[in-house]
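The next block holds one structure in the form of structure tokens; read it before the comments.
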Amino acid sequence: MDITVSLQIKIPFDGNKKPSVGNVATAVKGLGLEQKVTEAVIGKADEVLVGKY
């Protein structure tokens with residue numbers, strides 16, 4: 001079984017700061033993406049498995 005999930009994230013930046021690599025990395029690190037991806041995959045797997053049975 002292959003699971004495909006799409007996530008949309010919003011990364012806010014201070015209007016006075018240029019979005020540098022460091023600023024982007026810091027913002028992404030604080031998003032908790034591991035938890036969000038895990039939840040999305042589990043939800044999608046549930047959909048797929050319920051549809052099969």
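As shown in the structure tokens, the chain order sets the letters A, B, ...; within each chain, residues go from 1, and ligands are also counted from 1 in the order they appear.
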For Ile11 of chain A: contacts at 12 Å, only C-alpha atoms, fewer than 3 positions along chain excluded, given as a PyMOL selection string
chain A and resi 8+14+19+23-31
Could you save the residues just selected, with N, CA and C atoms, as an mmCIF file, in the first residue's frame?
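Result file is selection-v9.cif:
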data_model
loop_
_atom_site.group_PDB
_atom_site.id
_atom_site.type_symbol
_atom_site.label_atom_id
_atom_site.label_comp_id
_atom_site.auth_asym_id
_atom_site.auth_seq_id
_atom_site.Cartn_x
_atom_site.Cartn_y
_atom_site.Cartn_z
ATOM 1 N N GLN A 8 -0.307 21.612 3.538
ATOM 2 C CA GLN A 8 -0.129 23.020 3.234
ATOM 3 C C GLN A 8 0.310 23.694 4.519
ATOM 4 N N ASP A 14 8.432 38.226 9.781
ATOM 5 C CA ASP A 14 8.357 39.613 10.211
ATOM 6 C C ASP A 14 8.538 40.483 8.971
ATOM 7 N N PRO A 19 13.534 36.957 4.318
ATOM 8 C CA PRO A 19 13.481 35.530 4.612
ATOM 9 C C PRO A 19 14.769 34.815 4.182
ATOM 10 N N ASN A 23 16.322 31.933 8.710
ATOM 11 C CA ASN A 23 14.967 32.260 9.166
ATOM 12 C C ASN A 23 13.959 31.197 8.725
ATOM 13 N N VAL A 24 14.102 30.736 7.485
ATOM 14 C CA VAL A 24 13.197 29.700 6.983
ATOM 15 C C VAL A 24 13.406 28.405 7.772
ATOM 16 N N ALA A 25 14.652 28.015 7.975
ATOM 17 C CA ALA A 25 14.946 26.786 8.722
ATOM 18 C C ALA A 25 14.383 26.847 10.135
ATOM 19 N N THR A 26 14.538 27.972 10.785
ATOM 20 C CA THR A 26 14.018 28.138 12.141
ATOM 21 C C THR A 26 12.496 28.043 12.145
ATOM 22 N N ALA A 27 11.855 28.684 11.191
ATOM 23 C CA ALA A 27 10.398 28.655 11.110
ATOM 24 C C ALA A 27 9.882 27.242 10.844
ATOM 25 N N VAL A 28 10.530 26.525 9.931
ATOM 26 C CA VAL A 28 10.105 25.165 9.595
ATOM 27 C C VAL A 28 10.311 24.237 10.788
ATOM 28 N N LYS A 29 11.414 24.410 11.475
ATOM 29 C CA LYS A 29 11.708 23.566 12.636
ATOM 30 C C LYS A 29 10.621 23.702 13.702
ATOM 31 N N GLY A 30 10.077 24.890 13.848
ATOM 32 C CA GLY A 30 9.072 25.132 14.867
ATOM 33 C C GLY A 30 7.657 24.711 14.486
ATOM 34 N N LEU A 31 7.464 24.189 13.291
ATOM 35 C CA LEU A 31 6.116 23.844 12.834
ATOM 36 C C LEU A 31 5.612 22.500 13.347
#
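Residue neighbourhood of segment 36-43 of chain A, excluding near-sequence residues (fewer than 2 positions): A:Met1, A:Asp2, A:Ile3, A:Thr4, A:Val5, A:Ser6, A:Leu7, A:Gln8, A:Ile9, A:Gly30, A:Leu31, A:Gly32, A:Leu33, A:Glu34, A:Ala45, A:Asp46, A:Glu47, A:Val48, A:Leu49, A:Val50, at 12 Å, using only C-alpha atoms.
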Create the file for the chosen residues now, containing N, CA and C atoms and written as a PDB file, in the first residue's frame.
ATOM      1  N   MET A   1       0.858  -1.174   0.000  1.00  0.00           N
ATOM      2  CA  MET A   1       0.000   0.000   0.000  1.00  0.00           C
ATOM      3  C   MET A   1       0.902   1.234   0.000  1.00  0.00           C
ATOM      4  N   ASP A   2       0.599   2.168  -0.846  1.00  0.00           N
ATOM      5  CA  ASP A   2       1.290   3.463  -0.875  1.00  0.00           C
ATOM      6  C   ASP A   2       0.320   4.524  -0.378  1.00  0.00           C
ATOM      7  N   ILE A   3       0.816   5.410   0.452  1.00  0.00           N
ATOM      8  CA  ILE A   3       0.000   6.500   0.991  1.00  0.00           C
ATOM      9  C   ILE A   3       0.599   7.817   0.502  1.00  0.00           C
ATOM     10  N   THR A   4      -0.236   8.650  -0.072  1.00  0.00           N
ATOM     11  CA  THR A   4       0.190   9.980  -0.493  1.00  0.00           C
ATOM     12  C   THR A   4      -0.630  11.008   0.275  1.00  0.00           C
ATOM     13  N   VAL A   5       0.067  11.938   0.911  1.00  0.00           N
ATOM     14  CA  VAL A   5      -0.615  13.015   1.617  1.00  0.00           C
ATOM     15  C   VAL A   5      -0.034  14.347   1.161  1.00  0.00           C
ATOM     16  N   SER A   6      -0.874  15.351   1.167  1.00  0.00           N
ATOM     17  CA  SER A   6      -0.435  16.702   0.846  1.00  0.00           C
ATOM     18  C   SER A   6      -0.635  17.571   2.070  1.00  0.00           C
ATOM     19  N   LEU A   7       0.343  18.379   2.363  1.00  0.00           N
ATOM     20  CA  LEU A   7       0.243  19.300   3.486  1.00  0.00           C
ATOM     21  C   LEU A   7       0.446  20.718   2.977  1.00  0.00           C
ATOM     22  N   GLN A   8      -0.307  21.612   3.538  1.00  0.00           N
ATOM     23  CA  GLN A   8      -0.129  23.020   3.234  1.00  0.00           C
ATOM     24  C   GLN A   8       0.310  23.694   4.519  1.00  0.00           C
ATOM     25  N   ILE A   9       1.407  24.421   4.454  1.00  0.00           N
ATOM     26  CA  ILE A   9       1.906  25.105   5.641  1.00  0.00           C
ATOM     27  C   ILE A   9       2.028  26.594   5.368  1.00  0.00           C
ATOM     28  N   GLY A  30      10.077  24.890  13.848  1.00  0.00           N
ATOM     29  CA  GLY A  30       9.072  25.132  14.867  1.00  0.00           C
ATOM     30  C   GLY A  30       7.657  24.711  14.486  1.00  0.00           C
ATOM     31  N   LEU A  31       7.464  24.189  13.291  1.00  0.00           N
ATOM     32  CA  LEU A  31       6.116  23.844  12.834  1.00  0.00           C
ATOM     33  C   LEU A  31       5.612  22.500  13.347  1.00  0.00           C
ATOM     34  N   GLY A  32       6.486  21.662  13.860  1.00  0.00           N
ATOM     35  CA  GLY A  32       6.065  20.331  14.305  1.00  0.00           C
ATOM     36  C   GLY A  32       5.602  19.465  13.155  1.00  0.00           C
ATOM     37  N   LEU A  33       6.355  19.486  12.062  1.00  0.00           N
ATOM     38  CA  LEU A  33       5.935  18.768  10.859  1.00  0.00           C
ATOM     39  C   LEU A  33       5.871  17.263  11.058  1.00  0.00           C
ATOM     40  N   GLU A  34       6.745  16.716  11.892  1.00  0.00           N
ATOM     41  CA  GLU A  34       6.724  15.264  12.094  1.00  0.00           C
ATOM     42  C   GLU A  34       5.357  14.816  12.606  1.00  0.00           C
ATOM     43  N   ALA A  45      -4.386   6.448   5.780  1.00  0.00           N
ATOM     44  CA  ALA A  45      -4.377   4.984   5.854  1.00  0.00           C
ATOM     45  C   ALA A  45      -5.733   4.470   6.325  1.00  0.00           C
ATOM     46  N   ASP A  46      -6.318   5.146   7.303  1.00  0.00           N
ATOM     47  CA  ASP A  46      -7.657   4.762   7.770  1.00  0.00           C
ATOM     48  C   ASP A  46      -8.680   4.844   6.635  1.00  0.00           C
ATOM     49  N   GLU A  47      -8.620   5.915   5.847  1.00  0.00           N
ATOM     50  CA  GLU A  47      -9.538   6.071   4.712  1.00  0.00           C
ATOM     51  C   GLU A  47      -9.372   4.942   3.721  1.00  0.00           C
ATOM     52  N   VAL A  48      -8.135   4.629   3.389  1.00  0.00           N
ATOM     53  CA  VAL A  48      -7.850   3.589   2.394  1.00  0.00           C
ATOM     54  C   VAL A  48      -8.309   2.224   2.899  1.00  0.00           C
ATOM     55  N   LEU A  49      -7.996   1.924   4.153  1.00  0.00           N
ATOM     56  CA  LEU A  49      -8.337   0.610   4.700  1.00  0.00           C
ATOM     57  C   LEU A  49      -9.835   0.444   4.899  1.00  0.00           C
ATOM     58  N   VAL A  50     -10.538   1.482   5.321  1.00  0.00           N
ATOM     59  CA  VAL A  50     -11.990   1.395   5.484  1.00  0.00           C
ATOM     60  C   VAL A  50     -12.648   1.171   4.111  1.00  0.00           C
TER      61      VAL A  50
END
Write down as a PDB file with C-alpha atoms, in the first residue's frame the residues belonging to chain A that are assigned helix (DSSP H, G or I) by DSSP computed on the backbone.
ATOM      1  CA  VAL A  21      17.801  30.372   4.825  1.00  0.00           C
ATOM      2  CA  GLY A  22      18.328  30.565   8.590  1.00  0.00           C
ATOM      3  CA  ASN A  23      14.967  32.260   9.166  1.00  0.00           C
ATOM      4  CA  VAL A  24      13.197  29.700   6.983  1.00  0.00           C
ATOM      5  CA  ALA A  25      14.946  26.786   8.722  1.00  0.00           C
ATOM      6  CA  THR A  26      14.018  28.138  12.141  1.00  0.00           C
ATOM      7  CA  ALA A  27      10.398  28.655  11.110  1.00  0.00           C
ATOM      8  CA  VAL A  28      10.105  25.165   9.595  1.00  0.00           C
ATOM      9  CA  LYS A  29      11.708  23.566  12.636  1.00  0.00           C
ATOM     10  CA  LEU A  33       5.935  18.768  10.859  1.00  0.00           C
ATOM     11  CA  GLU A  34       6.724  15.264  12.094  1.00  0.00           C
ATOM     12  CA  GLN A  35       3.504  15.188  14.115  1.00  0.00           C
ATOM     13  CA  LYS A  36       1.452  16.736  11.303  1.00  0.00           C
ATOM     14  CA  VAL A  37       2.798  14.265   8.716  1.00  0.00           C
ATOM     15  CA  THR A  38       2.209  11.313  11.035  1.00  0.00           C
ATOM     16  CA  GLU A  39      -1.388  12.384  11.696  1.00  0.00           C
ATOM     17  CA  ALA A  40      -2.038  12.912   7.970  1.00  0.00           C
ATOM     18  CA  VAL A  41      -0.616   9.490   7.046  1.00  0.00           C
ATOM     19  CA  ILE A  42      -2.627   7.709   9.746  1.00  0.00           C
ATOM     20  CA  GLY A  43      -5.794   9.490   8.632  1.00  0.00           C
ATOM     21  CA  LYS A  44      -5.197   8.608   4.984  1.00  0.00           C
ATOM     22  CA  ALA A  45      -4.377   4.984   5.854  1.00  0.00           C
ATOM     23  CA  ASP A  46      -7.657   4.762   7.770  1.00  0.00           C
ATOM     24  CA  GLU A  47      -9.538   6.071   4.712  1.00  0.00           C
ATOM     25  CA  VAL A  48      -7.850   3.589   2.394  1.00  0.00           C
ATOM     26  CA  LEU A  49      -8.337   0.610   4.700  1.00  0.00           C
ATOM     27  CA  VAL A  50     -11.990   1.395   5.484  1.00  0.00           C
ATOM     28  CA  GLY A  51     -12.655   1.658   1.740  1.00  0.00           C
ATOM     29  CA  LYS A  52     -11.111  -1.783   1.141  1.00  0.00           C
TER      30      LYS A  52
END
